Amino acid sequence: MDTLSKTENRILMAQAREALRGKWGLAVGATIVYLLVLIPVQLIPVLGFIAGILIGGPMALGLAIFALALARKQYASVGQIFEGFQKFGTALGAYLLQMIFVLLWMLLLIIPGIIAALSYALTYYIIAEDSSIGPLEAITKSKTMMRGNRWKLFCLAFRFFGWALLCVLTLGIGLFWLTPYIYVSFAKFYDDVKGQGAPAA
């Protein structure tokens with residue numbers, strides 16, 4: 001049975017800010033580490049593209065693990081960014097399948113590609129919570145959970161557009177704060193779709 005996100009996006013964002021209170025330093029530090037791993041690797045000529053694919057899934061999974069811990073006010077650490085490598089095969093499989101599916105949909109038109117990306121948006125949160133799930137199963141579950149929720153997630157993401165423009169005035173430095181604000185808000189969205197309040201720390 002599909003579950004609809006019932007909490008208004010502005011409230012999800014407020015909840016994310018509350019979850020980040022006193023944790024901004026940790027969140028910014030984790031974001032910097034995340035980017036310091038991904039960006040230099042992808043800049044390596046030729047091999048960077050392959051390396052980016054190999055680590056992209058595990059790093060995205062680690063970010064989901066970290067975001068959920070922050071959103072739920074549980075123990076969070078920078079090291080969680082790398083916990084996705086403990087499920088390397090599943091994370092890589094999910095990354096490759098999502099990339100293939102989105103590209104195939106974008107061959108039709110840009111909008112179907114965007115819809116597909118929104119449908120798969122909860123994949124890494126699902127993998128983070130279920131050690132036994134496979135990549136295709138996680139993607140399928142994400143598609144099921146996102147039925148009726150895609151537009152709401154799109155609107156949530158769009159709410160950060162103005163903040164992103166303001167970050168340009170800080171020469172991009174503001175993105176170190178905006179990025180965790182976004183991924184914790186998305187983690188709140190995931191829990192809302194599940195109909196789950198934040199567990200006690």
# chains A, B, ... in the order shown; residues from 1 in each chain; ligands from 1

$ residues_around --residues "Thr7 in chain A" --least-positions-apart "5" --cutoff "10 Å" --atoms "only C-alpha atoms" --output "list of chain:residue names"
A:Leu12, A:Lys188, A:Phe189, A:Asp192, A:Val193, A:Gly195

$ residues_around --residues "Leu92 in chain A" --least-positions-apart "4" --cutoff "12 Å" --atoms "only C-alpha atoms" --output "NGL selection string"
:A and (50-61 or 84-88 or 96-99 or 123-124 or 127 or 134-136)

$ residues_around --residues "Gln80 in chain A" --least-positions-apart "2" --cutoff "9 Å" --atoms "only C-alpha atoms" --output "number ranges by chain"
A: 30, 62-63, 65-66, 76-78, 82-84

$ residues_around --residues "range 13-24 of chain A" --least-positions-apart "2" --cutoff "8 Å" --atoms "only C-alpha atoms" --output "list in words"
Asn9, Arg10, Ile11, Leu26, Ala27, Val28, Leu70, Ala71, Arg72, Lys73, Trp177, Tyr181, Val184, Ser185 and Lys188 of chain A

$ residues_around --residues "Lys141 in chain A" --least-positions-apart "3" --cutoff "8 Å" --atoms "only C-alpha atoms" --output "list in words"
Thr123, Ile126, Glu137, Ala138, Thr144 and Met145 of chain A

$ write_last_selection --atoms "C-alpha atoms" --output "PDB file, in the first residue's frame"
ATOM      1  CA  THR A 123      16.822   3.966  -2.831  1.00  0.00           C
ATOM      2  CA  ILE A 126      16.045   1.938   1.930  1.00  0.00           C
ATOM      3  CA  GLU A 137      14.524  -4.558  -5.052  1.00  0.00           C
ATOM      4  CA  ALA A 138      15.502  -1.299  -3.336  1.00  0.00           C
ATOM      5  CA  THR A 144       6.425   2.195  -4.853  1.00  0.00           C
ATOM      6  CA  MET A 145       7.008   4.585  -1.950  1.00  0.00           C
TER       7      MET A 145
END

$ select_by_dssp --residues "chain A" --states "helix (DSSP H, G or I)" --output "PyMOL selection string"
chain A and resi 9-20+24-42+47-71+78-106+110-119+123-129+135-146+150-158+161-168+175-194

$ closest_residue --among "A:Leu103, A:Val168, A:Ile81, A:Leu47" --to "Leu35 in chain A" --atoms "only C-alpha atoms"
A:Ile81
